[in-house]
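Asker: Take a look at the following structure, please.
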Amino acid sequence: MDWINKDRQYIMDVYARLPLVVTRAKGYKVWDDKGKVYTDLFSGISVCNLGHCHPKVVKAVEAQIYRLFHISNLYYTLPQIEVAELLVKHSFADKVFFSNSGAEANEAAIKLVRKWGNQFSPPKYKIITLEGSFHGRTMATITATGQQKVKSGFAPLLPGFIHVPFNNVKAIERAIDKETVAIMLEPIQGEGGIRIPSPRYLKKVRKICDENQILLIFDEIQTGMGRTGTLFAYEHEGVKPDILTLAKSLANGLPIGAMLAKEQIAMAFSVGSHASTFGGNPVSCAAAKAVLKILTGTELLEYTRQISAFFKEKLHQLKERYKIIKEVRICGLMIGIELDIKAQTIVEKCLQRGFLINAVQANVLRLLPPLIIEREAIEAFIEVLDKILREEQ
């Protein structure tokens, strides 16, 4: 069966797909329709952080589907309550709103801060975000996103969003006025090219927010759930936001998003302010509960930090050998390799040799391997990347 042509016949052409038909996956391995095995160093864009079909997640989902698929948010469900309790217990937050995706979690955050800002006179509604950021594909979140290519063709966009250069505290200070309600940023930019801000940048932004009665939103949709070696990326600098958004790996492959907030901010929402039909679905929440139990009750995060150090050492050894590697950026298992050649060429050659990676911003390789990745798999990838870079240099 020619599945790729069948896909092109029936599915809207909005994805730059690679020529791979995935039929099954387990751990950090995936198989195509011809039986070829690949090592997954991308995790479905940081979704399957525990690896594919993790047995404890599978068990939790299997148990839940025999109890309850869906009942709507007009009633209480146990998995949703249990996940909210775990998120609050392990974060700064007091309250949780569940959605279906990361974009919807950010949409909820945008609505919440505007509702909160309407208590002031004049109302505070402007949101400052960063150039190079990515916050989703809904109209509000593409407006928040700091990349023109995401917005192209969708004008008019929503008013009230101001974009400032990445990692520039002075630019934030200059952009603030009496109508500014929030600063929204990713602790590490993922789609922006794995861009890590300078030390103390987040602390300075927090200070600006406190001094100006402005809310701080951290979009941890890609950096959350252990990706950087801690449960949330904000823990690295100990800077707590007022609002946090999560999705992707929260349920390790099942659709879910979450917007967490402090009590005094969450109170801006009341019954009818916002809603989601499928948000906090019992099956997705059962998976999310299993994920949180593993991340907070095992040594996996410590293992992530150790394997990250190993990966970092290997990549820096490659950088010493090849001048086409301009920079290696790594935090936990969130890895960017900036090149002075087109990254997509390397991605396609890696695919041919059995490794799934990704390219962002034309010249940056993005690696988001599962947290369970082993040394042997990293060594095999480094050997393949070494050969490819030798061909390209």
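Chain identifiers are assigned as A, B, and so on, following the order in which chains appear in the structure tokens; residues are numbered from 1 within each chain, and ligands are numbered from 1 in order of appearance.
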Report as a tab-separated table: every residue of segment 186-213 of chain A with an atom at most 12 Å from segment 333-341 of chain A, its closest pair of atoms, and their distance in Å to one decimal, counting only C-alpha atoms, with rows sorted by chain and ascending residue number.
Answerer:
```
residue	atom	partner	partner_atom	distance
A:Pro187	CA	A:Met334	CA	11.9
A:Ile188	CA	A:Met334	CA	9.0
A:Gln189	CA	A:Met334	CA	10.0
A:Gly190	CA	A:Met334	CA	8.2
A:Glu191	CA	A:Gly336	CA	10.2
A:Gly192	CA	A:Gly336	CA	10.1
A:Gly193	CA	A:Gly336	CA	6.5
A:Ile194	CA	A:Gly336	CA	5.1
A:Arg195	CA	A:Gly336	CA	7.9
A:Ile196	CA	A:Gly336	CA	9.7
```
Asker: Next, write the just-selected residues to a file, as a PDB file, in the first residue's frame, keeping all heavy atoms as the atom set.
Answerer:
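The result, written out as part-v5.pdb:
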```
ATOM      1  N   PRO A 187      10.764  29.595  29.260  1.00  0.00           N
ATOM      2  CA  PRO A 187      12.062  29.630  29.945  1.00  0.00           C
ATOM      3  C   PRO A 187      13.212  29.253  29.013  1.00  0.00           C
ATOM      4  O   PRO A 187      14.335  29.756  29.163  1.00  0.00           O
ATOM      5  CB  PRO A 187      11.897  28.600  31.066  1.00  0.00           C
ATOM      6  CG  PRO A 187      10.431  28.587  31.343  1.00  0.00           C
ATOM      7  CD  PRO A 187       9.768  28.786  30.002  1.00  0.00           C
ATOM      8  N   ILE A 188      12.946  28.360  28.053  1.00  0.00           N
ATOM      9  CA  ILE A 188      13.875  28.062  26.960  1.00  0.00           C
ATOM     10  C   ILE A 188      13.027  28.025  25.689  1.00  0.00           C
ATOM     11  O   ILE A 188      11.993  27.345  25.656  1.00  0.00           O
ATOM     12  CB  ILE A 188      14.584  26.703  27.142  1.00  0.00           C
ATOM     13  CG1 ILE A 188      15.437  26.702  28.410  1.00  0.00           C
ATOM     14  CG2 ILE A 188      15.451  26.372  25.918  1.00  0.00           C
ATOM     15  CD1 ILE A 188      16.022  25.336  28.745  1.00  0.00           C
ATOM     16  N   GLN A 189      13.440  28.759  24.648  1.00  0.00           N
ATOM     17  CA  GLN A 189      12.666  28.741  23.402  1.00  0.00           C
ATOM     18  C   GLN A 189      12.943  27.455  22.628  1.00  0.00           C
ATOM     19  O   GLN A 189      14.092  27.165  22.289  1.00  0.00           O
ATOM     20  CB  GLN A 189      13.008  29.957  22.538  1.00  0.00           C
ATOM     21  CG  GLN A 189      12.469  31.253  23.113  1.00  0.00           C
ATOM     22  CD  GLN A 189      12.616  32.423  22.144  1.00  0.00           C
ATOM     23  OE1 GLN A 189      13.318  32.329  21.137  1.00  0.00           O
ATOM     24  NE2 GLN A 189      11.943  33.524  22.449  1.00  0.00           N
ATOM     25  N   GLY A 190      11.890  26.688  22.362  1.00  0.00           N
ATOM     26  CA  GLY A 190      12.034  25.431  21.625  1.00  0.00           C
ATOM     27  C   GLY A 190      11.982  25.647  20.126  1.00  0.00           C
ATOM     28  O   GLY A 190      12.993  25.481  19.432  1.00  0.00           O
ATOM     29  N   GLU A 191      10.826  26.062  19.621  1.00  0.00           N
ATOM     30  CA  GLU A 191      10.689  26.314  18.180  1.00  0.00           C
ATOM     31  C   GLU A 191      11.609  27.434  17.720  1.00  0.00           C
ATOM     32  O   GLU A 191      11.946  27.537  16.547  1.00  0.00           O
ATOM     33  CB  GLU A 191       9.232  26.681  17.864  1.00  0.00           C
ATOM     34  CG  GLU A 191       8.224  25.579  18.104  1.00  0.00           C
ATOM     35  CD  GLU A 191       8.340  24.440  17.124  1.00  0.00           C
ATOM     36  OE1 GLU A 191       8.761  24.675  15.972  1.00  0.00           O
ATOM     37  OE2 GLU A 191       8.027  23.299  17.492  1.00  0.00           O
ATOM     38  N   GLY A 192      11.981  28.282  18.654  1.00  0.00           N
ATOM     39  CA  GLY A 192      12.866  29.399  18.326  1.00  0.00           C
ATOM     40  C   GLY A 192      14.312  28.979  18.101  1.00  0.00           C
ATOM     41  O   GLY A 192      15.152  29.813  17.761  1.00  0.00           O
ATOM     42  N   GLY A 193      14.629  27.684  18.355  1.00  0.00           N
ATOM     43  CA  GLY A 193      15.989  27.200  18.094  1.00  0.00           C
ATOM     44  C   GLY A 193      16.736  26.767  19.338  1.00  0.00           C
ATOM     45  O   GLY A 193      17.961  26.825  19.382  1.00  0.00           O
ATOM     46  N   ILE A 194      16.013  26.299  20.358  1.00  0.00           N
ATOM     47  CA  ILE A 194      16.623  25.914  21.657  1.00  0.00           C
ATOM     48  C   ILE A 194      17.500  27.070  22.156  1.00  0.00           C
ATOM     49  O   ILE A 194      18.723  26.946  22.311  1.00  0.00           O
ATOM     50  CB  ILE A 194      17.422  24.590  21.563  1.00  0.00           C
ATOM     51  CG1 ILE A 194      16.656  23.525  20.793  1.00  0.00           C
ATOM     52  CG2 ILE A 194      17.790  24.101  22.953  1.00  0.00           C
ATOM     53  CD1 ILE A 194      15.357  23.079  21.435  1.00  0.00           C
ATOM     54  N   ARG A 195      16.864  28.203  22.352  1.00  0.00           N
ATOM     55  CA  ARG A 195      17.590  29.404  22.821  1.00  0.00           C
ATOM     56  C   ARG A 195      17.421  29.513  24.336  1.00  0.00           C
ATOM     57  O   ARG A 195      16.310  29.609  24.859  1.00  0.00           O
ATOM     58  CB  ARG A 195      17.061  30.642  22.116  1.00  0.00           C
ATOM     59  CG  ARG A 195      17.234  30.577  20.604  1.00  0.00           C
ATOM     60  CD  ARG A 195      16.461  31.684  19.935  1.00  0.00           C
ATOM     61  NE  ARG A 195      17.157  32.962  19.978  1.00  0.00           N
ATOM     62  CZ  ARG A 195      16.574  34.125  19.751  1.00  0.00           C
ATOM     63  NH1 ARG A 195      15.268  34.176  19.508  1.00  0.00           N
ATOM     64  NH2 ARG A 195      17.266  35.250  19.778  1.00  0.00           N
ATOM     65  N   ILE A 196      18.558  29.486  25.028  1.00  0.00           N
ATOM     66  CA  ILE A 196      18.576  29.505  26.493  1.00  0.00           C
ATOM     67  C   ILE A 196      18.959  30.910  26.948  1.00  0.00           C
ATOM     68  O   ILE A 196      20.015  31.415  26.559  1.00  0.00           O
ATOM     69  CB  ILE A 196      19.596  28.470  27.026  1.00  0.00           C
ATOM     70  CG1 ILE A 196      19.249  27.072  26.492  1.00  0.00           C
ATOM     71  CG2 ILE A 196      19.622  28.481  28.551  1.00  0.00           C
ATOM     72  CD1 ILE A 196      20.304  26.015  26.786  1.00  0.00           C
TER      73      ILE A 196
END
```
Asker: Going by DSSP on the backbone, which residues of segment 230-392 of chain A come out as strand (DSSP E)? List them as a PyMOL selection string.
Answerer: chain A and resi 243-246+257-261+325-331+334-339+355-356+358-360+364-367
Asker: Give me the residues near Asp2 of chain A as a VMD selection string, where near means some atom within 12 Å (using only C-alpha atoms) and where sequence neighbours in that chain fewer than 5 positions away do not count.
Answerer: chain A and resid 7 to 9 19 to 21 33 to 34
Asker: With only C-alpha atoms as the counted atoms, please give the residues lying no more than 10 Å from Lys26 of chain A, apart from itself and same-chain residues fewer than 6 positions off, as JSON, numbers by chain.
Answerer: {"A": [40, 51, 52, 53, 54, 55]}
Asker: As a PyMOL selection string, please: every residue in segment 70-218 of chain A that a backbone DSSP assignment puts in alpha helix (DSSP H).
Answerer: chain A and resi 78-89+102-117+139-144+148-151+169-175+201-212
Asker: Pick from A:Ala108, A:Leu86, A:Val30, A:Leu368: nearest to Cys331 of chain A, with only C-alpha atoms counted?
Answerer: A:Leu368
Asker: For Lys111 of chain A, which residue among A:Ala266, A:Leu254, A:Ile307, A:Ala362 is the nearest when counting only C-alpha atoms?
Answerer: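 Among the listed residues, A:Ala266 lies closest to Lys111 of chain A.
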Asker: Sort by chain and increasing residue number a table of all residues of segment 200-288 of chain A within 9 Å of segment 172-181 of chain A, each with its closest pair of atoms and their distance in Å to one decimal, counting only C-alpha atoms, and write it as CSV.
Answerer:
```
residue,atom,partner,partner_atom,distance
A:Val205,CA,A:Ile172,CA,8.1
A:Ile208,CA,A:Glu173,CA,7.4
A:Asn212,CA,A:Ile176,CA,8.5
A:Gln213,CA,A:Val181,CA,7.8
A:Ile214,CA,A:Val181,CA,5.1
A:Leu215,CA,A:Val181,CA,6.2
A:Leu216,CA,A:Val181,CA,8.9
```
Asker: Can you work out the spacing between atom CA of Ile81 of chain A and atom CA of Ala290 of chain A in Å, to one decimal?
Answerer: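 Calculated distance between atom CA of Ile81 of chain A and atom CA of Ala290 of chain A is 13.6 Å.
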Asker: Might you pull out every residue within 6 Å of segment 158-168 of chain A, with only C-alpha atoms counted and same-chain residues fewer than 3 positions away left off, and present them as a PyMOL selection string?
Answerer: chain A and resi 126-131+171+197
